[in-house]
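The file run_21.txt comes next; it holds compact mmCIF, C-alpha atoms and all ligand atoms.
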```txt
# COMPACT_ATOMS: atom_id res chain seq x y z
CA MET C 1 29.85 64.56 -25.00
CA PRO C 2 33.52 65.69 -24.85
CA TRP C 3 33.54 69.25 -23.61
CA PRO C 4 36.78 71.13 -24.22
CA ALA C 5 37.70 72.84 -27.45
CA PRO C 6 41.43 72.14 -27.91
CA ALA C 7 42.20 75.84 -27.62
CA GLU C 8 40.84 75.81 -24.07
CA ARG C 9 43.11 73.01 -22.91
CA ARG C 10 45.71 73.58 -20.23
CA SER C 11 49.33 73.98 -21.29
CA PRO C 12 51.92 71.26 -20.43
CA GLY C 13 53.48 73.64 -17.89
CA GLN C 14 50.13 74.21 -16.15
CA LEU C 15 49.43 70.48 -16.11
CA ALA C 16 52.87 69.69 -14.70
CA ARG C 17 52.25 72.12 -11.81
CA ILE C 18 48.80 70.61 -11.16
CA PHE C 19 50.26 67.09 -10.93
CA GLN C 20 53.14 68.27 -8.74
CA ARG C 21 50.72 69.96 -6.35
CA PHE C 22 48.38 66.97 -6.32
CA GLY C 23 51.27 64.62 -5.55
CA ALA C 24 52.77 66.83 -2.86
CA ARG C 25 49.60 67.91 -1.06
CA GLU C 26 46.25 66.31 -1.90
CA ALA C 27 47.33 62.71 -2.42
CA PRO C 28 49.37 62.39 0.83
CA GLN C 29 46.59 64.12 2.82
CA LEU C 30 44.14 61.53 1.50
CA SER C 31 46.50 58.56 2.08
CA ALA C 32 46.70 57.96 -1.68
CA ARG C 33 50.24 56.50 -1.69
CA LEU C 34 50.14 55.18 -5.23
CA TYR C 35 49.02 58.48 -6.78
CA ALA C 36 51.45 60.46 -4.58
CA ALA C 37 54.30 58.28 -5.91
CA LEU C 38 53.19 58.59 -9.57
CA CYS C 39 52.58 62.35 -9.70
CA PRO C 40 56.19 63.67 -9.85
CA ALA C 41 57.02 61.31 -12.73
CA ILE C 42 53.80 62.20 -14.60
CA ALA C 43 54.60 65.91 -14.14
CA ALA C 44 57.92 65.32 -15.94
CA ASP C 45 56.50 63.21 -18.78
CA ASP C 46 55.32 65.10 -21.88
CA ASP C 47 53.45 62.11 -23.33
CA LEU C 48 51.36 61.57 -20.20
CA LEU C 49 50.71 65.29 -19.80
CA ALA C 50 49.42 65.31 -23.39
CA VAL C 51 46.92 62.58 -22.45
CA ALA C 52 45.84 64.50 -19.33
CA ALA C 53 45.33 67.60 -21.50
CA SER C 54 42.05 66.08 -22.75
CA ALA C 55 40.43 67.18 -19.46
CA SER C 56 37.91 70.00 -19.48
CA PRO C 57 39.29 73.22 -17.97
CA THR C 58 36.67 72.90 -15.23
CA GLN C 59 37.70 69.37 -14.19
CA PRO C 60 40.78 68.24 -12.19
CA PRO C 61 43.18 66.37 -14.55
CA PRO C 62 44.87 64.14 -11.91
CA ASN C 63 41.54 62.71 -10.70
CA LEU C 64 40.45 62.13 -14.31
CA LEU C 65 43.69 60.47 -15.47
CA PHE C 66 43.89 58.24 -12.38
CA GLY C 67 40.14 57.56 -12.57
CA ALA C 68 40.33 56.57 -16.26
CA VAL C 69 43.19 54.12 -15.64
CA HIS C 70 41.47 52.66 -12.58
CA TYR C 71 38.20 52.37 -14.55
CA LEU C 72 39.90 50.24 -17.22
CA LEU C 73 41.65 48.06 -14.64
CA LEU C 74 38.30 47.49 -12.92
CA ASP C 75 37.12 45.43 -15.90
CA GLY C 76 39.03 42.49 -14.38
CA ARG C 77 41.81 42.42 -17.00
CA HIS C 78 45.14 40.90 -15.96
CA ASP C 79 47.68 43.67 -16.30
CA PRO C 80 50.97 44.04 -14.39
CA LEU C 81 49.78 47.49 -13.28
CA SER C 82 46.91 45.96 -11.24
CA ALA C 83 49.45 44.59 -8.76
CA PHE C 84 50.02 48.15 -7.47
CA TYR C 85 46.31 48.74 -6.66
CA PRO C 86 45.41 47.63 -3.11
CA ASP C 87 41.72 47.29 -4.07
CA LEU C 88 42.62 44.98 -6.97
CA ALA C 89 45.56 43.01 -5.54
CA PRO C 90 44.93 40.15 -3.09
CA THR C 91 44.54 41.57 0.47
CA GLY C 92 47.73 43.15 1.80
CA SER C 93 49.85 42.14 -1.20
CA ALA C 94 49.92 45.34 -3.31
CA ALA C 95 53.33 46.03 -4.86
CA ASP C 96 55.50 48.97 -3.77
CA PRO C 97 54.08 52.19 -5.35
CA LEU C 98 57.62 53.49 -5.89
CA HIS C 99 58.04 50.91 -8.68
CA ALA C 100 54.69 51.58 -10.37
CA PHE C 101 55.54 54.36 -12.84
CA PRO C 102 56.98 52.32 -15.78
CA HIS C 103 53.90 50.06 -15.68
CA PHE C 104 51.56 53.05 -15.37
CA ARG C 105 53.18 54.85 -18.32
CA ASP C 106 53.12 51.74 -20.47
CA PHE C 107 49.43 51.12 -19.62
CA VAL C 108 48.37 54.70 -20.43
CA LEU C 109 50.17 54.76 -23.78
CA ARG C 110 48.84 51.32 -24.76
CA ASN C 111 45.26 52.41 -23.96
CA ARG C 112 45.67 56.03 -24.97
CA THR C 113 42.56 56.46 -27.12
CA GLN C 114 40.20 54.94 -24.56
CA ILE C 115 41.78 56.92 -21.73
CA GLU C 116 41.57 60.21 -23.61
CA THR C 117 37.90 59.55 -24.38
CA LEU C 118 37.18 58.87 -20.71
CA ILE C 119 39.09 61.96 -19.58
CA ALA C 120 37.28 64.17 -22.08
CA GLY C 121 33.79 62.84 -21.39
CA ARG C 122 33.57 62.06 -17.67
CA ARG C 123 33.35 64.28 -14.63
CA VAL C 124 34.81 63.91 -11.16
CA GLN C 125 31.79 63.10 -9.04
CA THR C 126 31.75 60.96 -5.92
CA ASN C 127 29.25 60.02 -3.23
CA VAL C 128 30.74 59.71 0.26
CA ILE C 129 28.43 57.42 2.23
CA GLN C 130 30.43 57.86 5.43
CA ARG C 131 29.08 61.45 5.63
CA CYS C 132 25.84 59.90 6.89
CA THR C 133 27.56 59.71 10.31
CA CYS C 134 27.16 63.49 10.42
CA LEU C 135 23.66 63.56 8.93
CA LEU C 136 22.12 61.12 11.42
CA PRO C 137 22.60 63.22 14.60
CA ALA C 138 21.57 66.34 12.68
CA PHE C 139 18.31 64.69 11.56
CA ALA C 140 17.77 63.55 15.17
CA HIS C 141 18.25 67.18 16.25
CA VAL C 142 15.60 68.36 13.76
CA ALA C 143 13.21 65.56 14.76
CA ASP C 144 13.65 66.59 18.40
CA ALA C 145 12.72 70.18 17.48
CA ALA C 146 9.57 69.00 15.65
CA PRO C 147 8.49 65.93 17.67
CA GLU C 148 4.98 65.78 16.24
CA HIS C 149 6.15 65.47 12.67
CA ALA C 150 7.85 62.95 10.41
CA LEU C 151 10.78 64.30 8.38
CA ALA C 152 10.54 65.38 4.74
CA LEU C 153 14.08 65.30 3.33
CA LEU C 154 15.34 67.00 0.20
CA GLU C 155 19.02 66.64 -0.65
CA ILE C 156 20.70 69.17 -2.93
CA GLY C 157 23.52 67.52 -4.93
CA PRO C 158 23.00 63.88 -3.88
CA SER C 159 25.18 62.54 -6.73
CA ALA C 160 24.13 58.85 -6.77
CA GLY C 161 21.66 59.41 -3.89
CA LEU C 162 23.29 56.90 -1.55
CA ASN C 163 23.03 59.24 1.44
CA LEU C 164 19.26 59.51 0.99
CA ALA C 165 19.19 55.90 2.24
CA TRP C 166 20.93 56.91 5.51
CA ASP C 167 18.29 55.13 7.65
CA ARG C 168 19.02 51.74 6.03
CA TYR C 169 22.57 51.72 7.43
CA GLY C 170 23.94 50.78 10.87
CA TYR C 171 26.01 53.27 12.92
CA ARG C 172 28.58 53.11 15.69
CA TYR C 173 30.11 56.15 17.35
CA HIS C 174 33.16 55.62 19.53
CA GLY C 175 34.12 58.15 22.17
CA ALA C 176 33.90 58.89 25.88
CA THR C 177 30.44 57.35 25.52
CA ASP C 178 29.62 55.03 22.65
CA ALA C 179 26.43 55.28 20.62
CA ARG C 180 24.77 52.94 18.17
CA TRP C 181 21.91 53.40 15.79
CA GLY C 182 20.12 51.36 13.16
CA ASP C 183 20.31 47.72 12.28
CA PRO C 184 23.64 46.22 13.43
CA SER C 185 23.29 43.54 10.75
CA ALA C 186 22.60 45.96 7.87
CA PRO C 187 25.01 45.43 4.94
CA VAL C 188 26.34 48.99 5.32
CA GLN C 189 27.92 49.71 8.71
CA LEU C 190 29.38 53.15 9.43
CA ASP C 191 31.82 53.92 12.24
CA ALA C 192 32.86 57.35 13.43
CA GLU C 193 35.01 58.66 16.22
CA LEU C 194 33.17 60.97 18.62
CA ARG C 195 35.45 63.81 19.66
CA GLY C 196 35.11 66.59 22.20
CA ALA C 197 33.20 67.03 25.43
CA VAL C 198 29.63 67.25 24.13
CA ASP C 199 27.56 64.08 23.64
CA LEU C 200 25.59 63.54 20.46
CA PRO C 201 21.89 64.39 20.81
CA PRO C 202 19.72 61.38 21.71
CA LEU C 203 19.29 59.14 18.66
CA PRO C 204 15.70 57.81 18.85
CA ALA C 205 15.31 54.32 17.40
CA ASN C 206 12.56 55.58 15.14
CA LEU C 207 13.14 58.63 12.95
CA PRO C 208 10.18 58.47 10.57
CA VAL C 209 10.59 59.93 7.09
CA ALA C 210 7.40 60.89 5.24
CA TRP C 211 9.02 61.96 1.99
CA ARG C 212 12.49 62.16 0.46
CA ALA C 213 14.03 63.25 -2.84
CA GLY C 214 17.28 64.52 -4.29
CA LEU C 215 17.83 67.38 -6.73
CA GLU C 216 20.94 66.77 -8.82
CA LEU C 217 22.59 68.57 -11.73
CA HIS C 218 24.20 65.33 -12.99
CA PRO C 219 22.44 62.31 -11.47
CA VAL C 220 24.49 59.12 -11.23
CA ASP C 221 22.26 56.14 -12.04
CA ILE C 222 23.08 53.39 -9.55
CA THR C 223 21.24 50.84 -11.70
CA ASN C 224 23.74 51.46 -14.52
CA ASP C 225 26.85 49.25 -14.16
CA ASP C 226 29.04 51.58 -16.20
CA GLN C 227 28.18 54.61 -14.04
CA VAL C 228 28.79 52.56 -10.89
CA ARG C 229 32.19 51.47 -12.23
CA TRP C 230 33.18 55.10 -12.81
CA LEU C 231 32.03 55.98 -9.27
CA ARG C 232 34.27 53.18 -8.01
CA ALA C 233 37.18 54.23 -10.21
CA LEU C 234 37.28 57.64 -8.49
CA ILE C 235 37.84 56.13 -5.05
CA TRP C 236 41.54 55.97 -4.14
CA PRO C 237 42.84 52.39 -4.56
CA GLU C 238 44.11 52.38 -0.95
CA HIS C 239 40.63 53.05 0.46
CA VAL C 240 39.62 49.41 0.32
CA GLU C 241 36.91 49.90 2.97
CA ARG C 242 35.31 52.67 0.91
CA HIS C 243 35.20 50.33 -2.09
CA GLN C 244 33.46 47.70 0.02
CA ARG C 245 31.05 50.26 1.50
CA LEU C 246 30.18 51.62 -1.92
CA ALA C 247 29.43 48.14 -3.26
CA ALA C 248 27.23 47.37 -0.25
CA ALA C 249 25.38 50.71 -0.46
CA ILE C 250 24.77 50.25 -4.20
CA ALA C 251 23.27 46.81 -3.50
CA VAL C 252 20.99 48.35 -0.84
CA ALA C 253 19.97 51.22 -3.12
CA ARG C 254 19.26 48.93 -6.07
CA GLN C 255 16.54 47.21 -4.03
CA ARG C 256 14.76 50.57 -3.70
CA PRO C 257 16.46 53.24 -5.84
CA PRO C 258 16.39 56.77 -4.41
CA ARG C 259 14.27 59.35 -6.15
CA ILE C 260 16.62 61.82 -7.80
CA VAL C 261 15.15 64.66 -9.79
CA PRO C 262 17.51 65.97 -12.47
CA GLY C 263 17.81 69.72 -12.12
CA ASP C 264 19.69 72.73 -10.88
CA ALA C 265 19.07 73.77 -7.29
CA THR C 266 19.48 77.42 -8.24
CA THR C 267 16.43 77.23 -10.53
CA ASP C 268 14.46 74.07 -9.66
CA LEU C 269 14.46 73.92 -5.87
CA ALA C 270 11.28 75.97 -5.35
CA SER C 271 9.17 73.63 -7.45
CA LEU C 272 10.44 70.44 -5.78
CA LEU C 273 9.91 71.96 -2.32
CA THR C 274 6.18 72.24 -3.04
CA GLU C 275 5.98 68.41 -3.20
CA ALA C 276 7.00 67.91 0.43
CA PRO C 277 3.97 67.04 2.61
CA ILE C 278 2.90 70.14 4.51
CA ASP C 279 2.53 68.30 7.83
CA ALA C 280 6.13 66.97 7.80
CA ALA C 281 9.23 68.71 9.20
CA LEU C 282 10.92 69.83 5.99
CA CYS C 283 14.70 69.50 6.13
CA VAL C 284 16.74 70.40 3.04
CA PHE C 285 20.35 69.26 3.23
CA ALA C 286 23.55 69.48 1.23
CA THR C 287 26.92 67.88 1.91
CA HIS C 288 29.94 69.15 0.00
CA ALA C 289 27.71 70.40 -2.82
CA LEU C 290 27.19 74.13 -2.24
CA TYR C 291 30.86 74.94 -2.82
CA GLN C 292 30.15 74.08 -6.46
CA VAL C 293 27.40 76.71 -6.70
CA PRO C 294 28.69 80.17 -7.71
CA ASP C 295 28.19 82.76 -4.95
CA GLU C 296 25.92 84.92 -7.08
CA CYS C 297 23.55 81.92 -7.63
CA ARG C 298 23.45 80.85 -3.97
CA GLN C 299 20.97 83.66 -3.29
CA ARG C 300 18.41 81.88 -5.46
CA ILE C 301 18.64 78.78 -3.25
CA ASP C 302 18.26 80.99 -0.15
CA ALA C 303 15.25 82.72 -1.73
CA ALA C 304 13.54 79.37 -2.49
CA LEU C 305 14.05 78.28 1.13
CA GLN C 306 12.80 81.59 2.53
CA ASN C 307 9.80 81.44 0.24
CA ALA C 308 8.90 77.92 1.39
CA ALA C 309 9.29 79.13 4.98
CA GLN C 310 6.37 81.50 4.49
CA LEU C 311 4.10 78.41 4.66
CA ARG C 312 5.91 76.19 7.17
CA PRO C 313 9.17 76.00 9.13
CA VAL C 314 12.08 74.92 6.92
CA TRP C 315 15.37 73.52 8.19
CA PHE C 316 18.45 73.71 6.04
CA LEU C 317 21.42 71.57 6.98
CA SER C 318 24.76 72.18 5.33
CA MET C 319 28.03 70.32 5.67
CA GLU C 320 30.79 72.04 3.74
CA GLY C 321 34.56 71.82 3.88
CA THR C 322 36.53 74.56 5.60
CA GLY C 323 39.91 72.81 5.16
CA PRO C 324 41.23 69.83 3.20
CA ASP C 325 40.15 67.37 5.87
CA TYR C 326 37.75 69.44 7.94
CA SER C 327 34.09 70.39 7.61
CA GLN C 328 31.44 72.18 9.58
CA LEU C 329 27.80 71.32 10.02
CA PHE C 330 25.37 74.24 10.26
CA LEU C 331 21.62 74.08 10.70
CA HIS C 332 19.48 76.99 9.55
CA ARG C 333 15.87 77.27 10.66
CA CYS C 334 13.60 79.61 8.71
CA ALA C 335 10.02 80.27 9.75
CA SER C 336 7.87 83.20 8.61
CA GLY C 337 10.63 85.79 8.54
CA ASP C 338 12.70 84.32 11.42
CA HIS C 339 16.09 82.85 10.64
CA THR C 340 18.37 81.17 13.17
CA ILE C 341 21.63 79.36 12.51
CA THR C 342 23.06 76.68 14.77
CA HIS C 343 26.63 75.44 14.55
CA LEU C 344 25.90 71.76 15.14
CA ALA C 345 29.28 70.13 14.71
CA ASP C 346 32.80 70.13 13.40
CA CYS C 347 33.65 66.98 11.54
CA ASN C 348 36.01 65.19 9.22
CA ALA C 349 35.25 65.97 5.56
CA HIS C 350 34.55 62.26 4.99
CA GLY C 351 32.60 61.78 8.24
CA ARG C 352 35.32 59.74 9.95
CA TRP C 353 35.01 61.79 13.16
CA ILE C 354 32.52 64.25 14.52
CA GLU C 355 32.72 66.77 17.34
CA TRP C 356 29.23 67.73 18.39
CA ARG C 357 28.82 71.24 19.78
CA ALA C 358 26.35 72.59 22.28
CA GLY C 359 24.19 73.80 19.42
CA ARG C 360 23.94 77.44 20.52
CA PRO C 361 22.07 79.46 17.88
CA ILE C 362 24.00 82.28 16.20
CA LEU C 363 22.50 85.14 14.26
CA PRO C 364 22.69 85.16 10.47
CA SER C 365 25.09 87.79 9.12
C1 LIG C 401 31.12 66.70 -4.34
S1 LIG C 401 29.58 66.03 -4.84
C2 LIG C 401 28.93 65.55 -3.26
C3 LIG C 401 27.89 64.50 -3.41
C4 LIG C 401 27.20 64.09 -2.10
N1 LIG C 401 26.45 65.20 -1.57
C5 LIG C 401 28.18 63.56 -1.09
O1 LIG C 401 28.39 64.21 -0.05
O2 LIG C 401 28.75 62.50 -1.31
C6 LIG C 401 28.64 67.49 -5.24
C7 LIG C 401 27.37 67.18 -5.98
O3 LIG C 401 26.60 68.38 -6.10
C8 LIG C 401 26.02 68.42 -7.38
N2 LIG C 401 25.67 69.82 -7.71
C9 LIG C 401 26.52 70.87 -7.88
N3 LIG C 401 25.84 72.00 -8.15
C10 LIG C 401 24.51 71.66 -8.16
C11 LIG C 401 23.32 72.40 -8.40
N4 LIG C 401 23.35 73.71 -8.70
N5 LIG C 401 22.14 71.74 -8.32
C12 LIG C 401 22.10 70.41 -8.04
N6 LIG C 401 23.20 69.67 -7.81
C13 LIG C 401 24.40 70.28 -7.87
C14 LIG C 401 27.11 67.85 -8.27
O4 LIG C 401 26.63 67.45 -9.53
C15 LIG C 401 27.61 66.70 -7.40
O5 LIG C 401 26.88 65.52 -7.61
```

Structure encoded using structure tokens:
Amino acid sequence: MPWPAPAERRSPGQLARIFQRFGAREAPQLSARLYAALCPAIAADDDLLAVAASASPTQPPPNLLFGAVHYLLLDGRHDPLSAFYPDLAPTGSAADPLHAFPHFRDFVLRNRTQIETLIAGRRVQTNVIQRCTCLLPAFAHVADAAPEHALALLEIGPSAGLNLAWDRYGYRYHGATDARWGDPSAPVQLDAELRGAVDLPPLPANLPVAWRAGLELHPVDITNDDQVRWLRALIWPEHVERHQRLAAAIAVARQRPPRIVPGDATTDLASLLTEAPIDAALCVFATHALYQVPDECRQRIDAALQNAAQLRPVWFLSMEGTGPDYSQLFLHRCASGDHTITHLADCNAHGRWIEWRAGRPILPS
């Protein structure tokens, strides 16, 4: 359902500033050369800004406009614009992004109705599988603290749920000492740089999971080709490896789709928590999801966790961004009134590197 009433749309001036900022800051930081090159020209083009104005006031127009164009190109059509997309052009042969704008403009205006419908009806929602490189050592840390118990895992905001299948992927960490985990022949292989002086915790070959589920406001159905295509369309065209990883992870997940319960963590977490087997080590986790929950509602998530901790220890693992390319991994442990917080790691927001810390508990504020 399209969401914005026209009166709520952004003005051309606001949109121009958003595209300028996206082109000058976000796109270069994320190695999105094509979008960085297109943004200044879009910001100066009234026709294209009018198309981008279909975006809901709560959604980022650049991601939606670029996503809608990419989504259409992903149907395999032969269009001159495709030559500028590294994920669509033959390997290493993408055309110079500095010459893309006339083709981009022509494509958007030719497909205007479809693009406006996509912009008005879709949301920006990704699933970064590479973040599993940060989850794995954190789960190993929890398993080490509760050696008698299998894990029960509940993810808040799993999007398509691809990170719930973290134990079906293979891992390699490169650093002063290298570490490997999982099946080296699994279709999804994740590599991360290990930074700093502290080794990862031991990664036992077997990390049994007794139960797992996701709780998601807007579940992405990985068995639905159209939803998968939109997920793919939101990945920058230059991130060819991410496209390949997503395709491989979708294939893995389609064999055994993750259980994702539609719902809002601020109201539905307590009820889902009651399903976790009581004899398992319950670990709730969220990666780049809590920043979307308004501060005043976060307390309800905390209350559900504290409530569950009256019956059993509950771990809560959060990975949230503290800078454009930088995140921190904190582990909370709640048990009958006790609450400790451990700063487990600093890491890249997309899990490309991780710096494990000594794991000294700090007191909650
Ligand atoms: C930026 S995505 C991150 C997805 C995934 N965790 C990852 O790291 O790739 C944030 C996800 O959190 C979900 N979300 C936001 N608020 C939520 C809430 N109150 N309850 C459940 N899910 C929520 C969004 O719908 C979205 O799928």

Set the cut-off to 6 Å, count all atoms listed in the file, and list whatever residues fall near ligand LIG 401 (chain C) as JSON, numbers by chain.
-> {"C": [125, 126, 127, 128, 156, 157, 158, 159, 215, 216, 217, 218, 263, 264, 265, 266, 286, 287, 288, 289, 292, 293]}

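Residue nearest Leu194 in chain C, chosen from C:Arg168, C:Arg123, C:Arg357, C:Arg212 and counting all atoms listed in the file: C:Arg357.
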
Neighbour list for Ala176 in chain C as a ChimeraX atom specification, cut-off 10 Å, all atoms listed in the file, skip fewer than 3 positions in-chain | /C:173,179,193-199

Of the listed residues C:Ile119, C:Ile235, C:Leu34, C:Val188, that which approaches Cys132 in chain C most closely, counting all atoms listed in the file |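 Ranked by minimum distance to Cys132 in chain C, first place goes to C:Val188.
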
CA of Tyr326 in chain C to CA of Cys297 in chain C, straight-line distance in Å |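 CA of Tyr326 in chain C lies at a distance of 24.5 Å from CA of Cys297 in chain C.
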
Using only C-alpha atoms, what does the table of range 93-178 of chain C residues within 12 Å of range 59-78 of chain C look like, with each row giving the shortest atom pair and its distance in Å to one decimal, sorted by chain and ascending number, as a tab-separated table?
```
residue	atom	partner	partner_atom	distance
C:His103	CA	C:Val69	CA	11.5
C:Phe104	CA	C:Val69	CA	8.4
C:Arg105	CA	C:Val69	CA	10.4
C:Asp106	CA	C:Val69	CA	11.3
C:Phe107	CA	C:Val69	CA	8.0
C:Val108	CA	C:Val69	CA	7.1
C:Leu109	CA	C:Val69	CA	10.7
C:Arg110	CA	C:Val69	CA	11.1
C:Asn111	CA	C:Val69	CA	8.7
C:Arg112	CA	C:Val69	CA	9.8
C:Thr113	CA	C:Ala68	CA	11.1
C:Gln114	CA	C:Ala68	CA	8.5
C:Ile115	CA	C:Ala68	CA	5.7
C:Glu116	CA	C:Ala68	CA	8.3
C:Thr117	CA	C:Ala68	CA	9.0
C:Leu118	CA	C:Ala68	CA	5.9
C:Ile119	CA	C:Leu64	CA	5.4
C:Ala120	CA	C:Leu64	CA	8.6
C:Gly121	CA	C:Leu64	CA	9.7
C:Arg122	CA	C:Leu64	CA	7.7
C:Arg123	CA	C:Gln59	CA	6.7
C:Val124	CA	C:Leu64	CA	6.7
C:Gln125	CA	C:Asn63	CA	9.9
C:Thr126	CA	C:Asn63	CA	11.0
```

Can you pull out every residue within 12 Å of Cys347 in chain C, counting all atoms listed in the file, but drop anything in the same chain fewer than 2 positions away, and send it as an MDAnalysis selection string?
-> chainID C and resid 130:135 192:196 287 319:330 343:345 349:357

What residues have an atom no more than 10 Å from (57.3, 48.9, -7.1) in the file's own frame, counting all atoms listed in the file, and can you write them as a PDB file with C-alpha atoms, in the frame of the given file?
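As written to disk, out.pdb reads:
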```
ATOM      1  CA  LEU C  34      50.140  55.180  -5.230  1.00  0.00           C
ATOM      2  CA  ALA C  37      54.300  58.280  -5.910  1.00  0.00           C
ATOM      3  CA  LEU C  81      49.780  47.490 -13.280  1.00  0.00           C
ATOM      4  CA  ALA C  83      49.450  44.590  -8.760  1.00  0.00           C
ATOM      5  CA  PHE C  84      50.020  48.150  -7.470  1.00  0.00           C
ATOM      6  CA  ALA C  94      49.920  45.340  -3.310  1.00  0.00           C
ATOM      7  CA  ALA C  95      53.330  46.030  -4.860  1.00  0.00           C
ATOM      8  CA  ASP C  96      55.500  48.970  -3.770  1.00  0.00           C
ATOM      9  CA  PRO C  97      54.080  52.190  -5.350  1.00  0.00           C
ATOM     10  CA  LEU C  98      57.620  53.490  -5.890  1.00  0.00           C
ATOM     11  CA  HIS C  99      58.040  50.910  -8.680  1.00  0.00           C
ATOM     12  CA  ALA C 100      54.690  51.580 -10.370  1.00  0.00           C
ATOM     13  CA  PHE C 101      55.540  54.360 -12.840  1.00  0.00           C
ATOM     14  CA  PRO C 102      56.980  52.320 -15.780  1.00  0.00           C
ATOM     15  CA  HIS C 103      53.900  50.060 -15.680  1.00  0.00           C
TER      16      HIS C 103
END
```
